[in-house]
>>> print(open('query22.cif').read())   # mmCIF, C-alpha atoms
data_model
loop_
_atom_site.label_atom_id
_atom_site.label_comp_id
_atom_site.auth_asym_id
_atom_site.auth_seq_id
_atom_site.Cartn_x
_atom_site.Cartn_y
_atom_site.Cartn_z
CA MET A 1 -40.58 16.86 -3.20
CA TRP A 2 -37.36 14.88 -3.51
CA ARG A 3 -37.50 14.49 -7.29
CA ARG A 4 -37.51 18.22 -8.02
CA PRO A 5 -34.23 19.01 -6.19
CA ARG A 6 -32.65 15.92 -7.80
CA ALA A 7 -33.79 17.05 -11.26
CA GLY A 8 -32.48 20.54 -10.60
CA LEU A 9 -29.17 19.09 -9.45
CA TRP A 10 -28.86 17.02 -12.64
CA ALA A 11 -29.67 20.09 -14.76
CA ALA A 12 -27.13 22.22 -12.88
CA ALA A 13 -24.48 19.52 -13.26
CA GLY A 14 -25.14 19.32 -17.00
CA VAL A 15 -24.87 23.07 -17.47
CA THR A 16 -21.71 23.20 -15.36
CA ALA A 17 -20.11 20.41 -17.39
CA LEU A 18 -20.97 22.16 -20.66
CA VAL A 19 -19.57 25.50 -19.47
CA PHE A 20 -16.42 23.75 -18.24
CA LEU A 21 -15.88 22.01 -21.58
CA VAL A 22 -16.38 25.24 -23.52
CA ALA A 23 -13.98 27.11 -21.22
CA LEU A 24 -11.41 24.34 -21.60
CA GLU A 25 -11.85 24.45 -25.37
CA CYS A 26 -11.14 28.19 -25.37
CA MET A 27 -8.14 27.76 -23.08
CA ALA A 28 -6.73 25.02 -25.31
CA GLY A 29 -7.17 27.25 -28.37
CA HIS A 30 -5.23 29.99 -26.59
CA TYR A 31 -2.26 27.63 -26.25
CA GLY A 32 -2.59 26.36 -29.82
CA VAL A 33 -3.73 22.83 -28.98
CA PRO A 34 -7.04 21.10 -29.82
CA GLY A 35 -9.63 21.09 -27.07
CA PRO A 36 -11.76 18.15 -25.85
CA LEU A 37 -14.77 19.04 -28.01
CA THR A 38 -12.63 19.31 -31.15
CA VAL A 39 -10.87 16.03 -30.49
CA GLN A 40 -14.16 14.25 -29.77
CA ALA A 41 -15.78 15.60 -32.94
CA ARG A 42 -12.85 14.35 -35.02
CA GLU A 43 -13.27 10.83 -33.66
CA LEU A 44 -16.63 10.53 -35.36
CA VAL A 45 -14.70 9.89 -38.59
CA PHE A 46 -10.95 9.82 -37.94
CA PRO A 47 -9.21 6.91 -36.14
CA PRO A 48 -9.81 7.37 -32.40
CA LYS A 49 -6.99 7.53 -29.90
CA SER A 50 -8.53 4.73 -27.83
CA GLY A 51 -11.10 2.45 -29.40
CA PHE A 52 -11.25 0.37 -26.23
CA LEU A 53 -12.36 3.44 -24.25
CA LEU A 54 -15.15 4.21 -26.73
CA TYR A 55 -16.49 0.67 -26.51
CA ALA A 56 -16.21 0.88 -22.72
CA GLY A 57 -18.40 3.99 -22.89
CA LEU A 58 -20.87 2.09 -25.07
CA ALA A 59 -20.91 -0.73 -22.51
CA LEU A 60 -21.89 1.79 -19.81
CA THR A 61 -24.66 3.13 -22.01
CA MET A 62 -26.02 -0.36 -22.66
CA VAL A 63 -26.69 -1.03 -18.96
CA VAL A 64 -30.04 0.75 -19.44
CA LEU A 65 -30.98 -1.29 -22.55
CA THR A 66 -32.79 -4.60 -22.79
CA PRO A 67 -30.82 -7.66 -23.96
CA ARG A 68 -32.27 -7.38 -27.46
CA GLN A 69 -31.45 -3.66 -27.64
CA ARG A 70 -27.91 -4.37 -26.48
CA LEU A 71 -27.44 -6.89 -29.26
CA VAL A 72 -28.70 -4.40 -31.84
CA ALA A 73 -26.52 -1.59 -30.47
CA ALA A 74 -23.38 -3.74 -30.48
CA GLY A 75 -24.11 -4.99 -33.99
CA VAL A 76 -24.61 -1.47 -35.34
CA ALA A 77 -21.36 -0.28 -33.71
CA VAL A 78 -19.35 -3.14 -35.19
CA GLY A 79 -21.00 -2.61 -38.59
CA ILE A 80 -20.11 1.09 -38.66
CA ASP A 81 -16.52 0.28 -37.71
CA ALA A 82 -16.34 -2.32 -40.48
CA VAL A 83 -17.58 0.21 -43.07
CA LEU A 84 -15.15 2.92 -41.95
CA LEU A 85 -12.28 0.42 -41.86
CA THR A 86 -13.08 -0.64 -45.43
CA VAL A 87 -13.23 2.97 -46.61
CA ARG A 88 -9.88 3.79 -44.98
CA TRP A 89 -8.32 0.70 -46.53
CA ALA A 90 -9.70 1.59 -49.97
CA PHE A 91 -8.31 5.12 -49.83
CA GLY A 92 -5.05 4.16 -48.11
CA VAL A 93 -5.72 6.16 -44.93
CA GLU A 94 -3.25 5.31 -42.16
CA THR A 95 -4.43 5.09 -38.57
CA GLY A 96 -1.18 6.52 -37.19
CA GLU A 97 -1.19 6.38 -33.39
CA GLY A 98 -4.95 5.83 -33.30
CA HIS A 99 -7.03 2.65 -33.32
CA PRO A 100 -8.80 1.30 -36.43
CA PHE A 101 -12.02 0.84 -34.44
CA GLY A 102 -14.17 2.74 -31.96
CA ASN A 103 -16.01 5.23 -34.18
CA GLY A 104 -19.05 2.95 -34.34
CA ALA A 105 -19.36 2.92 -30.56
CA LEU A 106 -19.40 6.72 -30.45
CA TRP A 107 -22.02 6.88 -33.22
CA VAL A 108 -24.28 4.46 -31.32
CA ILE A 109 -23.98 6.42 -28.06
CA LEU A 110 -24.98 9.60 -29.87
CA GLY A 111 -27.78 7.73 -31.61
CA CYS A 112 -29.14 6.58 -28.26
CA THR A 113 -29.13 10.20 -27.13
CA VAL A 114 -31.20 11.21 -30.16
CA VAL A 115 -33.63 8.35 -29.54
CA ALA A 116 -34.01 9.39 -25.89
CA VAL A 117 -34.89 12.96 -26.86
CA THR A 118 -37.17 12.18 -29.81
CA ARG A 119 -38.74 8.77 -29.05
CA ARG A 120 -38.85 8.45 -25.26
CA THR A 121 -40.83 10.27 -22.58
CA GLY A 122 -40.97 10.45 -18.81
CA PRO A 123 -38.83 8.08 -16.71
CA GLU A 124 -37.74 6.08 -19.78
CA ARG A 125 -36.26 9.18 -21.37
CA THR A 126 -34.50 10.10 -18.14
CA LEU A 127 -33.06 6.62 -17.73
CA LEU A 128 -31.76 6.45 -21.31
CA LEU A 129 -30.27 9.95 -21.05
CA LYS A 130 -28.48 8.93 -17.84
CA GLY A 131 -27.06 5.89 -19.65
CA THR A 132 -25.80 7.89 -22.62
CA GLY A 133 -24.56 10.57 -20.24
CA LEU A 134 -22.41 8.03 -18.41
CA GLY A 135 -20.92 6.78 -21.67
CA LEU A 136 -20.22 10.26 -22.99
CA LEU A 137 -18.83 11.44 -19.66
CA LEU A 138 -16.35 8.57 -19.60
CA VAL A 139 -15.12 9.48 -23.07
CA ALA A 140 -15.23 13.24 -22.46
CA GLY A 141 -13.39 12.77 -19.18
CA ARG A 142 -10.50 11.17 -21.02
CA LYS A 143 -10.42 13.96 -23.61
CA THR A 144 -10.66 16.60 -20.90
CA GLY A 145 -7.76 15.00 -19.05
CA ASP A 146 -5.63 14.91 -22.20
CA THR A 147 -6.33 18.60 -22.81
CA TRP A 148 -5.49 19.46 -19.20
CA LEU A 149 -2.16 17.67 -19.57
CA LEU A 150 -1.32 19.67 -22.69
CA ILE A 151 -2.20 22.89 -20.89
CA THR A 152 0.01 22.01 -17.91
CA SER A 153 2.97 21.49 -20.22
CA LYS A 154 2.39 24.84 -21.92
CA SER A 155 1.55 26.96 -18.89
CA ARG A 156 4.06 25.61 -16.33
CA PRO A 157 7.61 26.14 -17.65
CA THR A 158 9.22 25.03 -14.36
CA VAL A 159 8.60 21.93 -12.26
CA LEU A 160 8.97 21.01 -8.57
CA ASP A 161 10.53 17.59 -9.00
CA GLN A 162 13.53 18.33 -6.81
CA TYR A 163 11.20 19.17 -3.92
CA VAL A 164 9.29 15.88 -4.20
CA ALA A 165 12.46 13.84 -4.85
CA THR A 166 14.04 15.32 -1.72
CA ALA A 167 10.95 14.60 0.35
CA ASP A 168 10.92 11.07 -1.09
CA HIS A 169 14.11 10.29 0.81
CA ALA A 170 11.87 9.99 3.86
CA LEU A 171 10.12 7.05 2.14
CA GLY A 172 13.33 5.38 0.98
CA ASN A 173 13.20 6.53 -2.67
CA PRO A 174 10.76 3.76 -3.73
CA SER A 175 10.69 4.79 -7.38
CA TRP A 176 14.41 4.09 -7.75
CA LEU A 177 14.03 0.68 -6.12
CA MET A 178 10.98 -0.33 -8.18
CA GLY A 179 12.60 1.01 -11.34
CA ARG A 180 15.50 -1.40 -10.90
CA LEU A 181 13.09 -4.28 -10.19
CA VAL A 182 10.95 -3.61 -13.27
CA THR A 183 14.07 -3.29 -15.43
CA ALA A 184 15.30 -6.64 -14.10
CA SER A 185 11.91 -8.26 -14.86
CA GLY A 186 12.64 -7.93 -18.58
CA PRO A 187 10.20 -7.56 -21.50
CA ALA A 188 7.54 -9.88 -20.03
CA GLY A 189 7.25 -8.02 -16.72
CA PHE A 190 7.35 -4.63 -18.39
CA THR A 191 4.66 -5.53 -20.94
CA LEU A 192 2.30 -6.95 -18.30
CA LEU A 193 2.58 -3.82 -16.17
CA ASP A 194 2.22 -1.62 -19.24
CA VAL A 195 -1.08 -3.31 -20.18
CA VAL A 196 -2.40 -2.89 -16.63
CA TYR A 197 -1.29 0.74 -16.50
CA SER A 198 -2.71 1.75 -19.89
CA GLN A 199 -6.06 -0.06 -19.60
CA LEU A 200 -7.07 1.23 -16.19
CA ALA A 201 -10.30 2.73 -17.54
CA VAL A 202 -11.34 -0.63 -18.97
CA ALA A 203 -10.84 -2.25 -15.56
CA ALA A 204 -13.00 0.47 -14.02
CA VAL A 205 -15.75 -0.23 -16.54
CA LEU A 206 -15.75 -3.94 -15.66
CA VAL A 207 -16.33 -3.12 -11.98
CA ALA A 208 -18.94 -0.50 -12.91
CA LEU A 209 -20.80 -2.98 -15.13
CA TYR A 210 -21.10 -5.35 -12.19
CA GLN A 211 -22.45 -2.56 -9.98
CA LEU A 212 -24.92 -1.47 -12.70
CA ARG A 213 -25.97 -4.97 -13.78
CA ASN A 214 -29.55 -4.56 -12.49
CA VAL A 215 -30.27 -1.11 -13.93
CA ALA A 216 -32.19 -2.43 -16.96
CA ALA A 217 -34.42 -4.60 -14.77
CA GLU A 218 -34.97 -2.14 -11.92
CA ARG A 219 -35.14 0.91 -14.25
CA ARG A 220 -33.01 2.99 -11.89
CA PHE A 221 -29.35 3.51 -11.03
CA PRO A 222 -27.89 2.57 -7.64
CA ARG A 223 -27.25 5.39 -5.22
CA HIS A 224 -23.45 5.15 -5.42
CA HIS A 225 -21.22 3.53 -8.02
CA LEU A 226 -17.66 3.67 -9.30
CA VAL A 227 -18.28 5.88 -12.34
CA ARG A 228 -19.11 8.89 -10.16
CA THR A 229 -15.88 8.59 -8.19
CA PHE A 230 -13.84 7.89 -11.32
CA LEU A 231 -15.10 10.98 -13.12
CA LEU A 232 -14.74 13.29 -10.12
CA ILE A 233 -11.14 12.18 -9.62
CA GLY A 234 -10.42 13.02 -13.26
CA LEU A 235 -12.14 16.39 -12.93
CA LEU A 236 -10.44 17.62 -9.75
CA GLY A 237 -6.99 16.05 -10.10
CA PRO A 238 -5.66 18.03 -13.10
CA GLY A 239 -6.43 21.28 -11.29
CA ILE A 240 -3.90 20.28 -8.63
CA TYR A 241 -1.36 19.60 -11.38
CA MET A 242 -1.47 23.33 -12.11
CA LEU A 243 -0.71 24.15 -8.46
CA PHE A 244 2.01 21.52 -8.00
CA PRO A 245 3.66 20.78 -11.40
CA VAL A 246 5.83 17.65 -11.34
CA VAL A 247 6.94 15.50 -14.33
CA GLY A 248 8.25 12.40 -12.54
CA PRO A 249 11.66 10.80 -11.86
CA VAL A 250 12.11 9.13 -15.26
CA PHE A 251 11.76 12.55 -16.92
CA ALA A 252 13.49 14.77 -14.35
CA TYR A 253 16.29 12.34 -13.44
CA GLY A 254 16.38 10.01 -16.44
CA THR A 255 16.04 9.80 -20.21
CA GLY A 256 12.25 9.89 -20.28
CA THR A 257 10.37 7.34 -22.37
CA ASP A 258 13.63 6.48 -24.15
CA HIS A 259 14.51 4.43 -21.08
CA TRP A 260 11.76 1.91 -21.93
CA ALA A 261 11.86 2.14 -25.73
CA THR A 262 13.78 -1.12 -26.17
CA VAL A 263 12.52 -3.03 -23.13
CA GLY A 264 9.03 -4.23 -24.13
CA LEU A 265 8.08 -7.25 -26.22
CA TRP A 266 7.65 -4.90 -29.18
CA PRO A 267 10.60 -2.50 -28.79
CA ASP A 268 10.69 0.91 -30.42
CA HIS A 269 14.09 1.56 -31.97
CA SER A 270 13.27 5.03 -33.31
CA PRO A 271 15.68 7.75 -32.12
CA GLY A 272 14.52 9.68 -29.06
CA ASP A 273 15.40 13.05 -27.63
CA GLY A 274 17.26 11.67 -24.61
CA HIS A 275 17.13 14.92 -22.65
CA TRP A 276 16.88 15.44 -18.91
CA PRO A 277 17.23 18.61 -16.79
CA VAL A 278 19.55 17.11 -14.13
CA PRO A 279 22.23 14.36 -14.31
CA ASP A 280 21.00 10.99 -15.55
CA LEU A 281 20.40 9.23 -12.22
CA TRP A 282 17.19 7.20 -12.52
CA PRO A 283 16.97 4.34 -11.59
CA GLY A 284 20.61 3.51 -10.90
CA THR A 285 21.67 6.27 -8.48
CA THR A 286 19.50 8.07 -5.94
CA PRO A 287 19.91 11.85 -5.92
CA ALA A 288 21.95 13.43 -3.15
CA ILE A 289 20.20 15.35 -0.39
CA SER A 290 20.58 19.07 -1.09
CA PRO A 291 18.41 22.20 -0.98
CA PRO A 292 15.83 21.81 -3.79
CA HIS A 293 14.87 24.43 -6.34
CA ARG A 294 12.61 24.76 -9.36
CA ILE A 295 13.96 23.37 -12.63
CA ALA A 296 12.99 24.39 -16.15
CA TYR A 297 11.46 21.75 -18.40
CA ASP A 298 10.13 21.45 -21.95
CA ALA A 299 6.69 22.50 -23.16
CA VAL A 300 5.64 18.96 -24.17
CA THR A 301 5.85 16.66 -21.15
CA PRO A 302 2.71 16.78 -18.93
CA ARG A 303 3.12 17.92 -15.33
CA ASN A 304 0.88 15.10 -14.11
CA CYS A 305 2.39 13.60 -10.98
CA MET A 306 0.98 15.27 -7.89
CA PRO A 307 -1.20 13.53 -6.90
CA SER A 308 -0.90 10.21 -8.73
CA LEU A 309 -4.30 9.85 -10.40
CA HIS A 310 -3.47 6.32 -11.55
CA THR A 311 -3.07 5.45 -7.88
CA ALA A 312 -6.28 7.31 -7.07
CA TRP A 313 -8.27 5.48 -9.76
CA ALA A 314 -6.80 2.07 -8.86
CA THR A 315 -7.70 2.72 -5.21
CA ALA A 316 -11.27 3.54 -6.23
CA ILE A 317 -11.47 0.32 -8.26
CA PHE A 318 -10.20 -1.63 -5.26
CA ILE A 319 -12.77 -0.05 -2.91
CA HIS A 320 -15.72 -0.68 -5.21
CA SER A 321 -14.68 -4.25 -6.02
CA ARG A 322 -14.86 -5.28 -2.35
CA ARG A 323 -18.61 -5.99 -2.51
CA GLY A 324 -18.36 -8.11 -5.65
CA PRO A 325 -17.77 -11.83 -6.13
CA ARG A 326 -14.43 -13.43 -5.34
CA PHE A 327 -13.08 -13.04 -8.87
CA LEU A 328 -13.87 -9.30 -8.90
CA ARG A 329 -12.29 -8.80 -5.48
CA PHE A 330 -9.16 -10.58 -6.65
CA ALA A 331 -9.05 -8.54 -9.85
CA GLY A 332 -9.44 -5.27 -7.92
CA ALA A 333 -6.59 -6.16 -5.56
CA PHE A 334 -4.39 -7.27 -8.47
CA TRP A 335 -5.06 -4.07 -10.41
CA LEU A 336 -4.19 -1.93 -7.37
CA VAL A 337 -0.90 -3.74 -6.68
CA ALA A 338 0.09 -3.82 -10.36
CA THR A 339 -0.76 -0.14 -10.84
CA LEU A 340 1.28 0.91 -7.80
CA THR A 341 4.18 -1.18 -9.10
CA ALA A 342 3.91 0.34 -12.57
CA THR A 343 3.60 3.96 -11.42
CA LEU A 344 6.75 3.64 -9.36
CA GLY A 345 8.62 1.14 -11.54
CA PHE A 346 8.14 3.07 -14.78
CA GLY A 347 9.46 6.20 -13.08
CA TYR A 348 6.25 8.13 -13.67
CA HIS A 349 5.72 8.92 -9.99
CA TYR A 350 7.49 9.37 -6.67
CA GLY A 351 6.37 7.59 -3.52
CA ALA A 352 5.02 10.87 -2.16
CA ASP A 353 2.63 11.07 -5.12
CA LEU A 354 1.12 7.71 -4.22
CA LEU A 355 0.40 8.69 -0.62
CA ALA A 356 -1.35 11.83 -1.82
CA GLY A 357 -3.32 9.81 -4.40
CA VAL A 358 -4.71 7.41 -1.80
CA VAL A 359 -5.79 10.24 0.52
CA PHE A 360 -7.27 12.11 -2.46
CA THR A 361 -9.49 9.16 -3.43
CA LEU A 362 -10.70 8.36 0.08
CA THR A 363 -11.64 12.00 0.62
CA ILE A 364 -13.67 12.09 -2.61
CA GLU A 365 -15.33 8.77 -1.77
CA ALA A 366 -16.22 10.07 1.68
CA ALA A 367 -17.69 13.27 0.23
CA LEU A 368 -19.85 11.41 -2.30
CA ARG A 369 -21.17 8.91 0.23
CA THR A 370 -21.79 11.71 2.73
CA TYR A 371 -23.88 13.52 0.15
CA ASP A 372 -25.88 10.36 -0.51
CA ARG A 373 -26.65 10.11 3.21
CA GLY A 374 -27.94 13.67 3.50
CA TRP A 375 -24.66 15.24 4.68
CA ASP A 376 -24.11 12.83 7.54
CA PRO A 377 -22.03 14.57 10.29
CA ALA A 378 -19.56 11.69 10.56
CA GLY A 379 -19.02 11.81 6.81
CA LEU A 380 -18.50 15.57 6.90
CA ARG A 381 -15.86 15.18 9.60
CA LEU A 382 -14.10 12.48 7.58
CA THR A 383 -14.19 14.62 4.42
CA GLY A 384 -12.77 17.59 6.29
CA TYR A 385 -10.05 15.48 7.88
CA GLY A 386 -9.08 13.91 4.55
CA THR A 387 -8.89 17.34 2.96
CA ALA A 388 -6.70 18.63 5.78
CA VAL A 389 -4.33 15.67 5.50
CA PHE A 390 -4.11 16.07 1.73
CA VAL A 391 -3.28 19.77 2.01
CA ALA A 392 -0.75 19.05 4.78
CA LEU A 393 1.00 16.52 2.53
CA LEU A 394 1.32 19.01 -0.33
CA VAL A 395 2.50 21.79 1.98
CA SER A 396 5.14 19.54 3.57
CA TYR A 397 6.41 18.38 0.16
CA ARG A 398 6.74 21.99 -0.98
CA PHE A 399 8.11 23.76 2.11
CA LEU A 400 9.69 21.03 4.30
CA PRO A 401 11.39 18.59 1.91
CA LEU A 402 14.93 19.12 3.24
CA PRO A 403 14.06 18.61 6.94
CA MET A 404 12.03 15.56 5.93
CA ALA A 405 14.99 14.07 4.09
CA GLU A 406 17.41 14.84 6.92
CA HIS A 407 15.11 13.26 9.53
CA ARG A 408 13.75 10.41 7.44
CA TRP A 409 13.26 8.01 10.36
CA LEU A 410 10.79 10.47 11.86
CA SER A 411 9.14 12.04 8.81
CA GLY A 412 8.76 8.79 6.84
CA PRO A 413 6.61 7.00 9.46
CA LEU A 414 4.63 10.21 10.02
CA LEU A 415 3.75 10.40 6.30
CA VAL A 416 2.63 6.78 6.25
CA LEU A 417 0.68 7.19 9.50
CA ALA A 418 -1.11 10.23 8.05
CA MET A 419 -2.29 8.12 5.10
CA LEU A 420 -3.21 5.19 7.36
CA SER A 421 -5.24 7.49 9.62
CA VAL A 422 -7.42 8.48 6.65
CA ILE A 423 -7.79 4.83 5.65
CA TYR A 424 -8.80 3.93 9.21
CA GLY A 425 -11.27 6.79 9.39
CA TYR A 426 -12.82 5.80 6.08
CA VAL A 427 -13.19 2.12 7.03
CA ARG A 428 -14.60 2.95 10.45
CA THR A 429 -17.07 5.58 9.20
CA THR A 430 -18.37 3.69 6.18
CA GLY A 431 -18.55 0.48 8.22
CA ARG A 432 -21.16 2.13 10.43
CA TRP A 433 -23.17 3.01 7.32
CA GLU A 434 -23.36 -0.56 6.06
CA PRO A 435 -26.61 -2.33 6.93
CA ALA A 436 -26.28 -4.92 9.64
CA PRO A 437 -26.70 -8.50 8.42
CA ALA A 438 -30.19 -9.80 8.94
CA ALA A 439 -30.51 -12.21 11.81
CA VAL A 440 -31.34 -15.74 10.69
CA PRO A 441 -34.22 -17.12 12.82
CA ARG A 442 -33.30 -20.26 14.69
CA PRO A 443 -35.65 -23.19 14.05
CA ARG A 444 -37.84 -24.19 16.96
CA ALA A 445 -36.98 -27.50 18.52
CA GLU A 446 -39.80 -29.93 17.94
CA PRO A 447 -40.47 -32.60 20.57
CA GLN A 448 -39.15 -35.98 19.56
CA PRO A 449 -41.80 -38.75 19.76
CA GLU A 450 -39.41 -41.32 21.15
CA LEU A 451 -38.69 -39.05 24.13
CA ILE A 452 -42.34 -38.44 25.02
#
>>> encode(input="query22.cif", output="structure tokens")
Amino acid sequence: MWRRPRAGLWAAAGVTALVFLVALECMAGHYGVPGPLTVQARELVFPPKSGFLLYAGLALTMVVLTPRQRLVAAGVAVGIDAVLLTVRWAFGVETGEGHPFGNGALWVILGCTVVAVTRRTGPERTLLLKGTGLGLLLVAGRKTGDTWLLITSKSRPTVLDQYVATADHALGNPSWLMGRLVTASGPAGFTLLDVVYSQLAVAAVLVALYQLRNVAAERRFPRHHLVRTFLLIGLLGPGIYMLFPVVGPVFAYGTGTDHWATVGLWPDHSPGDGHWPVPDLWPGTTPAISPPHRIAYDAVTPRNCMPSLHTAWATAIFIHSRRGPRFLRFAGAFWLVATLTATLGFGYHYGADLLAGVVFTLTIEAALRTYDRGWDPAGLRLTGYGTAVFVALLVSYRFLPLPMAEHRWLSGPLLVLAMLSVIYGYVRTTGRWEPAPAAVPRPRAEPQPELI
């Protein structure tokens, strides 16, 4: 009785994902940009944008394979990449901004899908399709997010940065402070944070691989794992970008990516546009407190700040790494701290974005775990509370930024307390769901012969 609803749910999710991708493809075509399906099809032959992500998707697929099958799959992927790399070199094809590898991983994932449909039956087919589905969803999620970002830049000609920057006075303008610290750290500090920031998906895959390490042996997936949360964050987050378009302090109050062009270990000295809609203030001078208003911006820069999805994803990695070994727990904590530092220090986000990102993730985590427990009432209350706090944060940023800035000693602690209340509720609720540690039986005391 339980398998039929689960199968129907998987089928409904698959159909919904396909309809969503087709709709997004049509929307992207309306704005004259390539959609996720077009971009993914091109990466079968052309240099992919992220070869690391494609191999991360292959790693997720291989959790359902036996050790011998994993070795064969990896060998075939590397072999295909070697052939394509040789062909490109022979014909003088430049990779441009793409990577010279990764196509082979995508070919192998698709090949596993064909094998599942044509050569497997019953539970084995289902398991292999779930594995390939995870790999393809990770890759498609990235392409979907990229397309969403292009659409936000085309469909939202004005941004709300002045509202968030004004509200950020209540938090002490942390982006300006961290921007000065990252600039002072020099090329080494910038490059380290840049690697952490850009390879967040790879870190998520490492945690997911630990959680899914027993799938091949047990022939089933665990009830809850990081990939579900990661994908749902990427699906829901860009929709909020459309409702609350923000480009970030380095773009609204600075020179954009030109600010960092010459800072890294491999500086880019190519001329930039150097434009900004308000005076060049970031990170040297905090903006004055004044009534905010919408500002016009270009049709290229993504409106991808509210909420901070990098913060949301790093928070999810941190949560799911807590049940791993010491090294994984340390890595999850490091990735969270480094990501928060990078999002603020690079000027990509305001402090208000980070608070919203944390609440956003905990609410999604609560909803997923509540579903797994048969819609547990405590989980439903936590999900509703997290949603209410998230909406309250967005409403306050939009309609109360000036009072928040003028009464920062009151509004700042209230914002932080709102986030902490969701954290406390999540820890308390999920703590009750964790199984109690088994009691270790105490050995019976045997009589000692010398005392008899």
>>> atom_distance(input="query22.cif", atom1="atom CA of A:Pro36", atom2="atom CA of A:Met242")
17.9 Å
>>> resolve_selection(input="query22.cif", expression="the PyMOL selection byres ((chain A and resi 282) around 8)", output="ChimeraX atom specification")
/A:176,179,249-250,253-254,280-281,283-286,347
>>> atom_distance(input="query22.cif", atom1="atom CA of A:Leu137", atom2="atom CA of A:Pro67")
23.0 Å
>>> closest_atom_pairs(input="query22.cif", of="stretch 134-246 of chain A", to="stretch 360-374 of chain A", cutoff="10 Å", atoms="all atoms listed in the file", output="Markdown table")
| residue | atom | partner | partner_atom | distance |
| --- | --- | --- | --- | --- |
| A:Arg223 | CA | A:Asp372 | CA | 7.0 |
| A:His224 | CA | A:Arg369 | CA | 7.2 |
| A:His225 | CA | A:Leu368 | CA | 9.8 |
| A:Leu226 | CA | A:Glu365 | CA | 9.4 |
| A:Arg228 | CA | A:Leu368 | CA | 8.3 |
| A:Thr229 | CA | A:Glu365 | CA | 6.4 |
| A:Phe230 | CA | A:Thr361 | CA | 9.1 |
| A:Leu232 | CA | A:Ile364 | CA | 7.7 |
| A:Ile233 | CA | A:Thr361 | CA | 7.1 |
| A:Leu236 | CA | A:Ile364 | CA | 9.6 |
| A:Gly237 | CA | A:Phe360 | CA | 8.6 |
>>> atom_distance(input="query22.cif", atom1="atom CA of A:Ala299", atom2="atom CA of A:Gly248")
14.7 Å
>>> closest_residue(input="query22.cif", among="A:Ala333, A:Leu171, A:Leu212, A:Ile317", to="A:Glu406", atoms="all atoms listed in the file")
A:Leu171
>>> resolve_selection(input="query22.cif", expression="the PyMOL selection byres ((chain A and resi 105) around 8)", output="list in words")
Leu54, Tyr55, Gly57, Leu58, Ala74, Ala77, Val78, Gly102, Asn103, Gly104, Leu106, Trp107, Val108 and Ile109 of chain A
>>> residues_around(input="query22.cif", residues="stretch 303-308 of chain A", least_positions_apart="3", cutoff="9 Å", atoms="only C-alpha atoms", output="PDB file with C-alpha atoms, in the coordinates of the input")
ATOM      1  CA  LEU A 149      -2.160  17.670 -19.570  1.00  0.00           C
ATOM      2  CA  LEU A 150      -1.320  19.670 -22.690  1.00  0.00           C
ATOM      3  CA  THR A 152       0.010  22.010 -17.910  1.00  0.00           C
ATOM      4  CA  SER A 153       2.970  21.490 -20.220  1.00  0.00           C
ATOM      5  CA  ARG A 156       4.060  25.610 -16.330  1.00  0.00           C
ATOM      6  CA  VAL A 159       8.600  21.930 -12.260  1.00  0.00           C
ATOM      7  CA  GLY A 237      -6.990  16.050 -10.100  1.00  0.00           C
ATOM      8  CA  PRO A 238      -5.660  18.030 -13.100  1.00  0.00           C
ATOM      9  CA  ILE A 240      -3.900  20.280  -8.630  1.00  0.00           C
ATOM     10  CA  TYR A 241      -1.360  19.600 -11.380  1.00  0.00           C
ATOM     11  CA  MET A 242      -1.470  23.330 -12.110  1.00  0.00           C
ATOM     12  CA  PHE A 244       2.010  21.520  -8.000  1.00  0.00           C
ATOM     13  CA  PRO A 245       3.660  20.780 -11.400  1.00  0.00           C
ATOM     14  CA  VAL A 246       5.830  17.650 -11.340  1.00  0.00           C
ATOM     15  CA  VAL A 247       6.940  15.500 -14.330  1.00  0.00           C
ATOM     16  CA  GLY A 248       8.250  12.400 -12.540  1.00  0.00           C
ATOM     17  CA  THR A 311      -3.070   5.450  -7.880  1.00  0.00           C
ATOM     18  CA  ALA A 312      -6.280   7.310  -7.070  1.00  0.00           C
ATOM     19  CA  TRP A 313      -8.270   5.480  -9.760  1.00  0.00           C
ATOM     20  CA  THR A 343       3.600   3.960 -11.420  1.00  0.00           C
ATOM     21  CA  TYR A 348       6.250   8.130 -13.670  1.00  0.00           C
ATOM     22  CA  HIS A 349       5.720   8.920  -9.990  1.00  0.00           C
ATOM     23  CA  TYR A 350       7.490   9.370  -6.670  1.00  0.00           C
ATOM     24  CA  ALA A 352       5.020  10.870  -2.160  1.00  0.00           C
ATOM     25  CA  ASP A 353       2.630  11.070  -5.120  1.00  0.00           C
ATOM     26  CA  LEU A 354       1.120   7.710  -4.220  1.00  0.00           C
ATOM     27  CA  LEU A 355       0.400   8.690  -0.620  1.00  0.00           C
ATOM     28  CA  ALA A 356      -1.350  11.830  -1.820  1.00  0.00           C
ATOM     29  CA  GLY A 357      -3.320   9.810  -4.400  1.00  0.00           C
ATOM     30  CA  VAL A 358      -4.710   7.410  -1.800  1.00  0.00           C
ATOM     31  CA  PHE A 360      -7.270  12.110  -2.460  1.00  0.00           C
ATOM     32  CA  LEU A 394       1.320  19.010  -0.330  1.00  0.00           C
TER      33      LEU A 394
END
>>> resolve_selection(input="query22.cif", expression="the PyMOL selection byres ((chain A and resi 82-92) around 12)", output="number ranges by chain")
A: 43-48, 75-81, 93-96, 99-105, 107
>>> closest_atom_pairs(input="query22.cif", of="stretch 39-80 of chain A", to="stretch 190-210 of chain A", cutoff="9 Å", atoms="only C-alpha atoms", output="JSON lines")
{"residue": "A:Phe52", "atom": "CA", "partner": "A:Val202", "partner_atom": "CA", "distance": 7.3}
{"residue": "A:Leu53", "atom": "CA", "partner": "A:Val202", "partner_atom": "CA", "distance": 6.7}
{"residue": "A:Ala56", "atom": "CA", "partner": "A:Val205", "partner_atom": "CA", "distance": 6.3}
{"residue": "A:Gly57", "atom": "CA", "partner": "A:Val205", "partner_atom": "CA", "distance": 8.1}
{"residue": "A:Ala59", "atom": "CA", "partner": "A:Leu209", "partner_atom": "CA", "distance": 7.7}
{"residue": "A:Leu60", "atom": "CA", "partner": "A:Leu209", "partner_atom": "CA", "distance": 6.8}
{"residue": "A:Val63", "atom": "CA", "partner": "A:Leu209", "partner_atom": "CA", "distance": 7.3}
